[in-house]
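Notes for the one structure printed next.
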Amino acid sequence: MLIGADELILHIRKNKKRDNESNDVIGKEIRKIVESLGGHLTKKRRPAKWDTSNTKKVGKDKLPKTAAQYEIDFDKLPDLFKALSL
């Protein structure tokens with residue numbers, strides 16, 4: 001299954017987790033977690049799914065403009081979201 005770090009960061013931001021951390025810091029942690037679960041990077045920078053010109057919602061401590069994309073087994077998604085919620 002393909003999943004973008006932008007989707008994972010959106011989940012984190014919507015749940016009011018890690019508000020004071022930049023997307024770069026969170027993105028690096030996402031990569032470590034995905035790889036620890038047997039996933040791998042498929043694309044380093046991909047445009048985000050949302051309107052990136054909205055500066056009220058997009059920024060280094062808000063939603064990202066671009067994000068990495070990963071391949072991970074569908075069965076590992078609960079573990080991934082659990083790890084991100086800590």
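Labels for the structure tokens follow display order: chains A, B, ..., residues from 1 in each chain, ligands from 1.
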Please identify all polymer residues within 10 Å of region 35-48 of chain A, counting only C-alpha atoms, omitting same-chain residues fewer than 5 positions from it, and present them as a JSON list (two decimals) with N, CA and C atoms, in the first residue's frame.
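Listed below is the output, out-v2.json:
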[["chain", "number", "residue", "atom", "x", "y", "z"],
["A", 1, "MET", "N", 0.84, -1.17, 0.00],
["A", 1, "MET", "CA", 0.00, 0.00, 0.00],
["A", 1, "MET", "C", 0.89, 1.23, 0.00],
["A", 2, "LEU", "N", 0.52, 2.22, -0.79],
["A", 2, "LEU", "CA", 1.23, 3.49, -0.80],
["A", 2, "LEU", "C", 0.59, 4.44, 0.20],
["A", 3, "ILE", "N", 1.42, 5.14, 0.95],
["A", 3, "ILE", "CA", 0.92, 6.16, 1.87],
["A", 3, "ILE", "C", 1.93, 7.30, 1.89],
["A", 4, "GLY", "N", 1.42, 8.50, 1.90],
["A", 4, "GLY", "CA", 2.29, 9.67, 1.92],
["A", 4, "GLY", "C", 2.49, 10.20, 3.32],
["A", 5, "ALA", "N", 3.68, 10.73, 3.55],
["A", 5, "ALA", "CA", 3.96, 11.36, 4.85],
["A", 5, "ALA", "C", 3.01, 12.53, 5.07],
["A", 6, "ASP", "N", 2.52, 13.16, 3.99],
["A", 6, "ASP", "CA", 1.57, 14.26, 4.14],
["A", 6, "ASP", "C", 0.28, 13.78, 4.81],
["A", 7, "GLU", "N", -0.17, 12.60, 4.45],
["A", 7, "GLU", "CA", -1.38, 12.04, 5.07],
["A", 7, "GLU", "C", -1.14, 11.74, 6.55],
["A", 29, "GLU", "N", 11.10, 11.03, 11.48],
["A", 29, "GLU", "CA", 10.61, 9.98, 12.37],
["A", 29, "GLU", "C", 9.67, 9.03, 11.63],
["A", 30, "ILE", "N", 8.83, 9.57, 10.75],
["A", 30, "ILE", "CA", 7.94, 8.74, 9.96],
["A", 30, "ILE", "C", 8.75, 7.73, 9.15],
["A", 58, "VAL", "N", -0.63, 25.75, 5.54],
["A", 58, "VAL", "CA", 0.59, 25.11, 5.07],
["A", 58, "VAL", "C", 1.81, 25.86, 5.59],
["A", 63, "LEU", "N", 0.77, 22.02, 7.75],
["A", 63, "LEU", "CA", 0.76, 20.94, 6.77],
["A", 63, "LEU", "C", 1.89, 21.15, 5.76],
["A", 64, "PRO", "N", 2.49, 20.08, 5.26],
["A", 64, "PRO", "CA", 3.61, 20.22, 4.34],
["A", 64, "PRO", "C", 3.18, 20.55, 2.91],
["A", 65, "LYS", "N", 4.09, 21.16, 2.15],
["A", 65, "LYS", "CA", 3.86, 21.40, 0.72],
["A", 65, "LYS", "C", 4.18, 20.16, -0.09],
["A", 66, "THR", "N", 5.24, 19.48, 0.31],
["A", 66, "THR", "CA", 5.63, 18.23, -0.34],
["A", 66, "THR", "C", 5.91, 17.20, 0.75],
["A", 67, "ALA", "N", 5.88, 15.94, 0.36],
["A", 67, "ALA", "CA", 6.14, 14.89, 1.34],
["A", 67, "ALA", "C", 6.61, 13.63, 0.64],
["A", 68, "ALA", "N", 7.29, 12.81, 1.40],
["A", 68, "ALA", "CA", 7.75, 11.52, 0.91],
["A", 68, "ALA", "C", 6.57, 10.56, 0.78],
["A", 69, "GLN", "N", 6.76, 9.56, -0.05],
["A", 69, "GLN", "CA", 5.74, 8.54, -0.21],
["A", 69, "GLN", "C", 6.38, 7.18, 0.08],
["A", 70, "TYR", "N", 5.62, 6.32, 0.76],
["A", 70, "TYR", "CA", 6.14, 5.04, 1.20],
["A", 70, "TYR", "C", 5.25, 3.89, 0.76],
["A", 71, "GLU", "N", 5.88, 2.74, 0.62],
["A", 71, "GLU", "CA", 5.18, 1.48, 0.41],
["A", 71, "GLU", "C", 5.27, 0.72, 1.72],
["A", 72, "ILE", "N", 4.13, 0.28, 2.25],
["A", 72, "ILE", "CA", 4.08, -0.46, 3.50],
["A", 72, "ILE", "C", 2.92, -1.45, 3.43],
["A", 73, "ASP", "N", 3.10, -2.59, 4.08],
["A", 73, "ASP", "CA", 2.03, -3.58, 4.11],
["A", 73, "ASP", "C", 0.81, -3.00, 4.83],
["A", 76, "LYS", "N", 0.30, -3.42, 8.51],
["A", 76, "LYS", "CA", 1.18, -2.68, 9.42],
["A", 76, "LYS", "C", 0.65, -1.29, 9.76],
["A", 77, "LEU", "N", -0.41, -0.86, 9.09],
["A", 77, "LEU", "CA", -0.94, 0.50, 9.32],
["A", 77, "LEU", "C", -1.34, 0.76, 10.77],
["A", 79, "ASP", "N", -0.02, -0.41, 13.46],
["A", 79, "ASP", "CA", 1.24, -0.20, 14.18],
["A", 79, "ASP", "C", 1.85, 1.16, 13.86],
["A", 80, "LEU", "N", 1.75, 1.55, 12.60],
["A", 80, "LEU", "CA", 2.28, 2.84, 12.17],
["A", 80, "LEU", "C", 1.55, 3.98, 12.87]]
> DSSP on the backbone: what in chain A comes out helix (DSSP H, G or I), as a PyMOL selection string?
Replying inline: chain A and resi 5-14+23-36+74-84
> Would you give me, as a list in words, the residues in chain A that DSSP reads as strand (DSSP E or B)?
Replying inline: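 Across chain A, those assigned strand (DSSP E or B) are Leu2, Ile3, Gly4, His40, Leu41, Thr42, Lys43, Lys44, Arg45, Arg46, Pro47, Val58, Leu63, Thr66, Ala67, Ala68, Gln69, Tyr70 and Glu71 of chain A.
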With C-alpha atoms retained, could you export that selection as a PDB file, in the first residue's frame?
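After the write, out.pdb holds the following:
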ATOM      1  CA  LEU A   2       1.230   3.488  -0.800  1.00  0.00           C
ATOM      2  CA  ILE A   3       0.919   6.157   1.869  1.00  0.00           C
ATOM      3  CA  GLY A   4       2.286   9.670   1.917  1.00  0.00           C
ATOM      4  CA  HIS A  40      10.354   1.582   2.188  1.00  0.00           C
ATOM      5  CA  LEU A  41      10.586   4.981   0.548  1.00  0.00           C
ATOM      6  CA  THR A  42       9.216   5.117  -3.002  1.00  0.00           C
ATOM      7  CA  LYS A  43       9.424   8.845  -3.697  1.00  0.00           C
ATOM      8  CA  LYS A  44      11.296  11.501  -1.729  1.00  0.00           C
ATOM      9  CA  ARG A  45       9.262  14.597  -2.616  1.00  0.00           C
ATOM     10  CA  ARG A  46       5.738  14.544  -3.938  1.00  0.00           C
ATOM     11  CA  PRO A  47       3.337  17.489  -3.964  1.00  0.00           C
ATOM     12  CA  VAL A  58       0.594  25.106   5.065  1.00  0.00           C
ATOM     13  CA  LEU A  63       0.760  20.936   6.769  1.00  0.00           C
ATOM     14  CA  THR A  66       5.634  18.233  -0.337  1.00  0.00           C
ATOM     15  CA  ALA A  67       6.136  14.894   1.337  1.00  0.00           C
ATOM     16  CA  ALA A  68       7.750  11.515   0.907  1.00  0.00           C
ATOM     17  CA  GLN A  69       5.738   8.538  -0.211  1.00  0.00           C
ATOM     18  CA  TYR A  70       6.137   5.039   1.204  1.00  0.00           C
ATOM     19  CA  GLU A  71       5.184   1.478   0.406  1.00  0.00           C
TER      20      GLU A  71
END
Might you pull out every residue within 12 Å of Asn15 (chain A), with only C-alpha atoms counted and same-chain residues fewer than 3 positions away left off, and present them as an mmCIF file with N, CA and C atoms, in the first residue's frame?
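The file below, result_23.cif, is the result:
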data_model
loop_
_atom_site.group_PDB
_atom_site.id
_atom_site.type_symbol
_atom_site.label_atom_id
_atom_site.label_comp_id
_atom_site.auth_asym_id
_atom_site.auth_seq_id
_atom_site.Cartn_x
_atom_site.Cartn_y
_atom_site.Cartn_z
ATOM 1 N N LEU A 8 0.043 11.259 6.855
ATOM 2 C CA LEU A 8 0.380 10.943 8.243
ATOM 3 C C LEU A 8 0.539 12.209 9.075
ATOM 4 N N ILE A 9 1.150 13.228 8.494
ATOM 5 C CA ILE A 9 1.290 14.512 9.198
ATOM 6 C C ILE A 9 -0.086 15.147 9.400
ATOM 7 N N LEU A 10 -0.965 15.045 8.418
ATOM 8 C CA LEU A 10 -2.335 15.544 8.574
ATOM 9 C C LEU A 10 -3.000 14.857 9.766
ATOM 10 N N HIS A 11 -2.858 13.552 9.868
ATOM 11 C CA HIS A 11 -3.424 12.804 10.999
ATOM 12 C C HIS A 11 -2.862 13.335 12.321
ATOM 13 N N ILE A 12 -1.577 13.552 12.378
ATOM 14 C CA ILE A 12 -0.933 14.065 13.596
ATOM 15 C C ILE A 12 -1.468 15.454 13.935
ATOM 16 N N ARG A 18 2.015 16.922 18.710
ATOM 17 C CA ARG A 18 3.309 17.428 18.265
ATOM 18 C C ARG A 18 3.206 18.772 17.538
ATOM 19 N N ASP A 19 2.377 19.661 18.068
ATOM 20 C CA ASP A 19 2.158 20.965 17.445
ATOM 21 C C ASP A 19 3.421 21.805 17.335
ATOM 22 N N PHE A 81 0.222 3.956 12.844
ATOM 23 C CA PHE A 81 -0.551 5.028 13.475
ATOM 24 C C PHE A 81 -0.372 5.028 14.984
ATOM 25 N N LEU A 84 2.928 6.722 15.707
ATOM 26 C CA LEU A 84 2.870 8.168 15.463
ATOM 27 C C LEU A 84 2.095 8.909 16.540
ATOM 28 N N SER A 85 1.235 8.223 17.241
ATOM 29 C CA SER A 85 0.392 8.862 18.247
ATOM 30 C C SER A 85 1.078 9.025 19.597
ATOM 31 N N LEU A 86 2.249 8.455 19.762
ATOM 32 C CA LEU A 86 2.930 8.537 21.057
ATOM 33 C C LEU A 86 3.537 9.897 21.289
#
> What is the distance, in Å and to one decimal place, between CA of Asp51 (chain A) and CA of Ile26 (chain A)?
Replying inline: 20.5 Å
> What is the distance, in Å and to one decimal place, between CA of Asn20 (chain A) and CA of Lys62 (chain A)?
Replying inline: 9.4 Å
